[in-house]
Amino acid sequence: MKKTALFVFLLLSLMAHSQDLTNELLSINKHYENLKNFEAKISYKTYADFTSDKVVETKTMLVKIQANNLYNKIDGTEMIKTSDFVLLKSDEDKTITLFDPSSFANPLPSYGLDSTINGFLKICKSQKIVKDGKTTNRIKLDCPSPQYHNVEIVYDKNDYSLQKIVIFYDINDQKTRFEIEYITQKLNSTFEKDVFTFEKYLKKVKNNYELESAYKDYAFTCQICNEK
């Protein structure tokens, strides 16, 4: 899902928006610059309409990033990406797949605002920054288009950490609200040694790989077996 790629740095056209808005957005991204490690738990909720409290779909993502290594878990699907391999595990399908990273077209995300926000900004006709709570501000962007209506970005006004992104849009003429909430986030985290390895799932036998006993009922596909 494109909207879940939350961490690619925002590239904006500075002349198209007020200086206050530009400064706030750049400050949000600056909060996430030059990090060696990052960890976050993020919820994704789709609501029945723009104002409804009825949640149509909810997902939770756990992401851990260390230099060029990525661990990502959304419900029962896990991904580990390093310079040596990409591992995908699906509990629903009971599959584990080991890919060559050079053939896996899934770029490593960065930490700041989703690059799709750049698209919203280009079509936004008005914007304002309002006080959202004791410690948070909310950027409201009015974005009239055939698909998108409004985007709201909630952030901590003291350290500029993202708290929530709300997108109002139409899907097949159905008004929908999509909320991305940062439940927890840690900058420069310390991770266990096995987070970015396949050792919990696979064991290496000569130039091949075998499933660990805990996953013996899973189907295993290996793209890089016999290559190393």
# chains A, B, ... in the order shown; residues from 1 in each chain; ligands from 1
>>> residues_around(residues="Ile80 in chain A", least_positions_apart="4", cutoff="6 Å", atoms="only C-alpha atoms", output="VMD selection string")
chain A and resid 70 to 71 86 to 87
>>> atom_distance(atom1="CA of Ile96 in chain A", atom2="CA of Glu212 in chain A")
11.0 Å
>>> residues_around(residues="Val55 in chain A", least_positions_apart="6", cutoff="7 Å", atoms="only C-alpha atoms", output="list of chain:residue names")
A:Lys45, A:Thr46, A:Tyr47, A:Ala48
>>> write_last_selection(atoms="C-alpha atoms", output="PDB file, in the first residue's frame")
ATOM      1  CA  LYS A  45      -6.895   3.051  10.181  1.00  0.00           C
ATOM      2  CA  THR A  46      -9.428   3.446   7.381  1.00  0.00           C
ATOM      3  CA  TYR A  47     -12.760   4.993   8.385  1.00  0.00           C
ATOM      4  CA  ALA A  48     -16.161   4.629   6.719  1.00  0.00           C
TER       5      ALA A  48
END
>>> residues_around(residues="Lys175 in chain A", least_positions_apart="4", cutoff="10 Å", atoms="only C-alpha atoms", output="list of chain:residue names")
A:Tyr47, A:Ala48, A:Asp49, A:Phe50, A:Thr51, A:Gln147, A:Tyr148, A:His149, A:Phe168, A:Tyr169, A:Asp170, A:Ile171
>>> write_last_selection(atoms="C-alpha atoms", output="short mmCIF file (atom, residue, chain, number, x, y, z; two decimals), in the first residue's frame")
data_model
loop_
_atom_site.label_atom_id
_atom_site.label_comp_id
_atom_site.auth_asym_id
_atom_site.auth_seq_id
_atom_site.Cartn_x
_atom_site.Cartn_y
_atom_site.Cartn_z
CA TYR A 47 -12.76 4.99 8.38
CA ALA A 48 -16.16 4.63 6.72
CA ASP A 49 -16.33 8.32 5.78
CA PHE A 50 -14.83 11.71 6.57
CA THR A 51 -16.42 12.05 10.04
CA GLN A 147 -9.36 12.00 -5.50
CA TYR A 148 -7.98 13.96 -2.56
CA HIS A 149 -9.77 16.54 -0.43
CA PHE A 168 -9.38 12.56 3.26
CA TYR A 169 -9.99 11.07 -0.19
CA ASP A 170 -12.48 9.34 -2.48
CA ILE A 171 -12.37 5.69 -3.54
#
>>> select_by_dssp(residues="range 67-203 of chain A", states="strand (DSSP E)", output="PyMOL selection string")
chain A and resi 69-74+77-81+86-90+95-99+126-131+136-142+148-156+162-171+174-187+202-203
>>> residues_around(residues="range 124-132 of chain A", least_positions_apart="3", cutoff="7 Å", atoms="only C-alpha atoms", output="VMD selection string")
chain A and resid 120 to 121 136 to 144
>>> residues_around(residues="range 156-160 of chain A", least_positions_apart="4", cutoff="10 Å", atoms="only C-alpha atoms", output="list in words")
Glu24, Leu25, Leu26, Ser27, Ile28, Asn29, Lys30, His31, Tyr32, Lys131, Asp132, Gly133, Lys134, Thr135, Thr136, Asn137, Arg138 and Lys164 of chain A
>>> closest_residue(among="A:Asp75, A:Lys203, A:Asp194, A:Asp173", to="Asp91 in chain A", atoms="only C-alpha atoms")
A:Asp75
>>> select_by_dssp(residues="range 83-194 of chain A", states="helix (DSSP H, G or I)", output="PyMOL selection string")
chain A and resi 101-103+116-123
>>> write_last_selection(atoms="C-alpha atoms", output="PDB file, in the first residue's frame")
ATOM      1  CA  PRO A 101      18.182  -7.900  -2.665  1.00  0.00           C
ATOM      2  CA  SER A 102      19.303  -6.695  -6.105  1.00  0.00           C
ATOM      3  CA  SER A 103      16.096  -8.071  -7.612  1.00  0.00           C
ATOM      4  CA  THR A 116       3.259  11.380  -1.457  1.00  0.00           C
ATOM      5  CA  ILE A 117       2.737  14.537   0.623  1.00  0.00           C
ATOM      6  CA  ASN A 118       4.653  16.349  -2.108  1.00  0.00           C
ATOM      7  CA  GLY A 119       1.853  15.418  -4.506  1.00  0.00           C
ATOM      8  CA  PHE A 120      -0.751  16.730  -2.083  1.00  0.00           C
ATOM      9  CA  LEU A 121       1.080  20.033  -1.688  1.00  0.00           C
ATOM     10  CA  LYS A 122       1.120  20.623  -5.429  1.00  0.00           C
ATOM     11  CA  ILE A 123      -2.690  20.529  -5.591  1.00  0.00           C
TER      12      ILE A 123
END
>>> decode(residues="range 41-82 of chain A", atoms="N, CA and C atoms", output="short mmCIF file (atom, residue, chain, number, x, y, z; two decimals), in the first residue's frame")
data_model
loop_
_atom_site.label_atom_id
_atom_site.label_comp_id
_atom_site.auth_asym_id
_atom_site.auth_seq_id
_atom_site.Cartn_x
_atom_site.Cartn_y
_atom_site.Cartn_z
N LYS A 41 6.29 2.22 16.12
CA LYS A 41 5.07 1.43 16.01
C LYS A 41 4.00 2.37 15.48
N ILE A 42 3.41 1.99 14.36
CA ILE A 42 2.51 2.89 13.64
C ILE A 42 1.20 2.18 13.34
N SER A 43 0.09 2.85 13.56
CA SER A 43 -1.21 2.27 13.22
C SER A 43 -1.76 2.93 11.97
N TYR A 44 -2.47 2.13 11.17
CA TYR A 44 -3.14 2.60 9.96
C TYR A 44 -4.61 2.26 10.09
N LYS A 45 -5.46 3.28 10.05
CA LYS A 45 -6.90 3.05 10.18
C LYS A 45 -7.65 3.70 9.03
N THR A 46 -8.55 2.93 8.43
CA THR A 46 -9.43 3.45 7.38
C THR A 46 -10.83 3.56 7.95
N TYR A 47 -11.43 4.74 7.82
CA TYR A 47 -12.76 4.99 8.38
C TYR A 47 -13.81 5.03 7.29
N ALA A 48 -15.06 4.77 7.68
CA ALA A 48 -16.16 4.63 6.72
C ALA A 48 -16.40 5.90 5.91
N ASP A 49 -16.20 7.07 6.52
CA ASP A 49 -16.33 8.32 5.78
C ASP A 49 -15.50 9.39 6.47
N PHE A 50 -15.68 10.64 6.06
CA PHE A 50 -14.83 11.71 6.57
C PHE A 50 -14.97 11.93 8.08
N THR A 51 -16.17 11.72 8.63
CA THR A 51 -16.42 12.05 10.04
C THR A 51 -16.75 10.84 10.89
N SER A 52 -16.88 9.68 10.29
CA SER A 52 -17.32 8.49 11.01
C SER A 52 -16.29 8.00 12.03
N ASP A 53 -16.79 7.40 13.12
CA ASP A 53 -15.93 6.73 14.09
C ASP A 53 -15.80 5.24 13.78
N LYS A 54 -16.51 4.78 12.73
CA LYS A 54 -16.48 3.37 12.37
C LYS A 54 -15.21 3.06 11.59
N VAL A 55 -14.40 2.15 12.14
CA VAL A 55 -13.15 1.75 11.49
C VAL A 55 -13.43 0.58 10.55
N VAL A 56 -13.12 0.77 9.28
CA VAL A 56 -13.33 -0.28 8.28
C VAL A 56 -12.17 -1.26 8.25
N GLU A 57 -10.98 -0.75 8.40
CA GLU A 57 -9.79 -1.60 8.39
C GLU A 57 -8.73 -0.99 9.28
N THR A 58 -8.02 -1.83 10.00
CA THR A 58 -6.92 -1.34 10.84
C THR A 58 -5.73 -2.27 10.71
N LYS A 59 -4.56 -1.69 10.65
CA LYS A 59 -3.32 -2.44 10.60
C LYS A 59 -2.30 -1.77 11.50
N THR A 60 -1.39 -2.55 12.02
CA THR A 60 -0.32 -2.02 12.85
C THR A 60 1.02 -2.41 12.25
N MET A 61 1.91 -1.46 12.14
CA MET A 61 3.22 -1.72 11.58
C MET A 61 4.29 -1.46 12.63
N LEU A 62 5.24 -2.38 12.73
CA LEU A 62 6.44 -2.18 13.53
C LEU A 62 7.59 -2.06 12.56
N VAL A 63 8.36 -0.99 12.65
CA VAL A 63 9.49 -0.79 11.74
C VAL A 63 10.74 -0.50 12.54
N LYS A 64 11.85 -1.12 12.12
CA LYS A 64 13.15 -0.88 12.72
C LYS A 64 14.14 -0.67 11.59
N ILE A 65 14.90 0.41 11.65
CA ILE A 65 15.85 0.73 10.61
C ILE A 65 17.21 1.00 11.25
N GLN A 66 18.22 0.33 10.72
CA GLN A 66 19.60 0.52 11.19
C GLN A 66 20.50 0.63 9.97
N ALA A 67 20.98 1.83 9.72
CA ALA A 67 21.77 2.09 8.52
C ALA A 67 20.98 1.62 7.30
N ASN A 68 21.48 0.63 6.55
CA ASN A 68 20.78 0.14 5.36
C ASN A 68 19.97 -1.12 5.62
N ASN A 69 19.79 -1.46 6.87
CA ASN A 69 19.01 -2.64 7.24
C ASN A 69 17.60 -2.25 7.67
N LEU A 70 16.64 -3.07 7.28
CA LEU A 70 15.24 -2.78 7.58
C LEU A 70 14.54 -4.03 8.12
N TYR A 71 13.80 -3.85 9.22
CA TYR A 71 12.86 -4.86 9.70
C TYR A 71 11.49 -4.22 9.70
N ASN A 72 10.52 -4.92 9.11
CA ASN A 72 9.19 -4.36 8.97
C ASN A 72 8.16 -5.46 9.23
N LYS A 73 7.21 -5.20 10.12
CA LYS A 73 6.16 -6.18 10.40
C LYS A 73 4.81 -5.50 10.35
N ILE A 74 3.91 -6.01 9.51
CA ILE A 74 2.54 -5.53 9.43
C ILE A 74 1.64 -6.74 9.67
N ASP A 75 1.00 -6.75 10.84
CA ASP A 75 0.18 -7.89 11.24
C ASP A 75 1.02 -9.16 11.15
N GLY A 76 0.62 -10.13 10.33
CA GLY A 76 1.34 -11.40 10.27
C GLY A 76 2.37 -11.48 9.17
N THR A 77 2.74 -10.35 8.58
CA THR A 77 3.73 -10.34 7.51
C THR A 77 4.99 -9.61 7.98
N GLU A 78 6.13 -10.27 7.83
CA GLU A 78 7.40 -9.69 8.25
C GLU A 78 8.35 -9.61 7.07
N MET A 79 9.17 -8.56 7.06
CA MET A 79 10.20 -8.41 6.05
C MET A 79 11.50 -7.99 6.72
N ILE A 80 12.59 -8.64 6.33
CA ILE A 80 13.93 -8.23 6.73
C ILE A 80 14.71 -7.95 5.47
N LYS A 81 15.30 -6.76 5.38
CA LYS A 81 16.05 -6.37 4.18
C LYS A 81 17.44 -5.92 4.60
N THR A 82 18.46 -6.55 4.02
CA THR A 82 19.85 -6.17 4.22
C THR A 82 20.52 -6.10 2.86
#
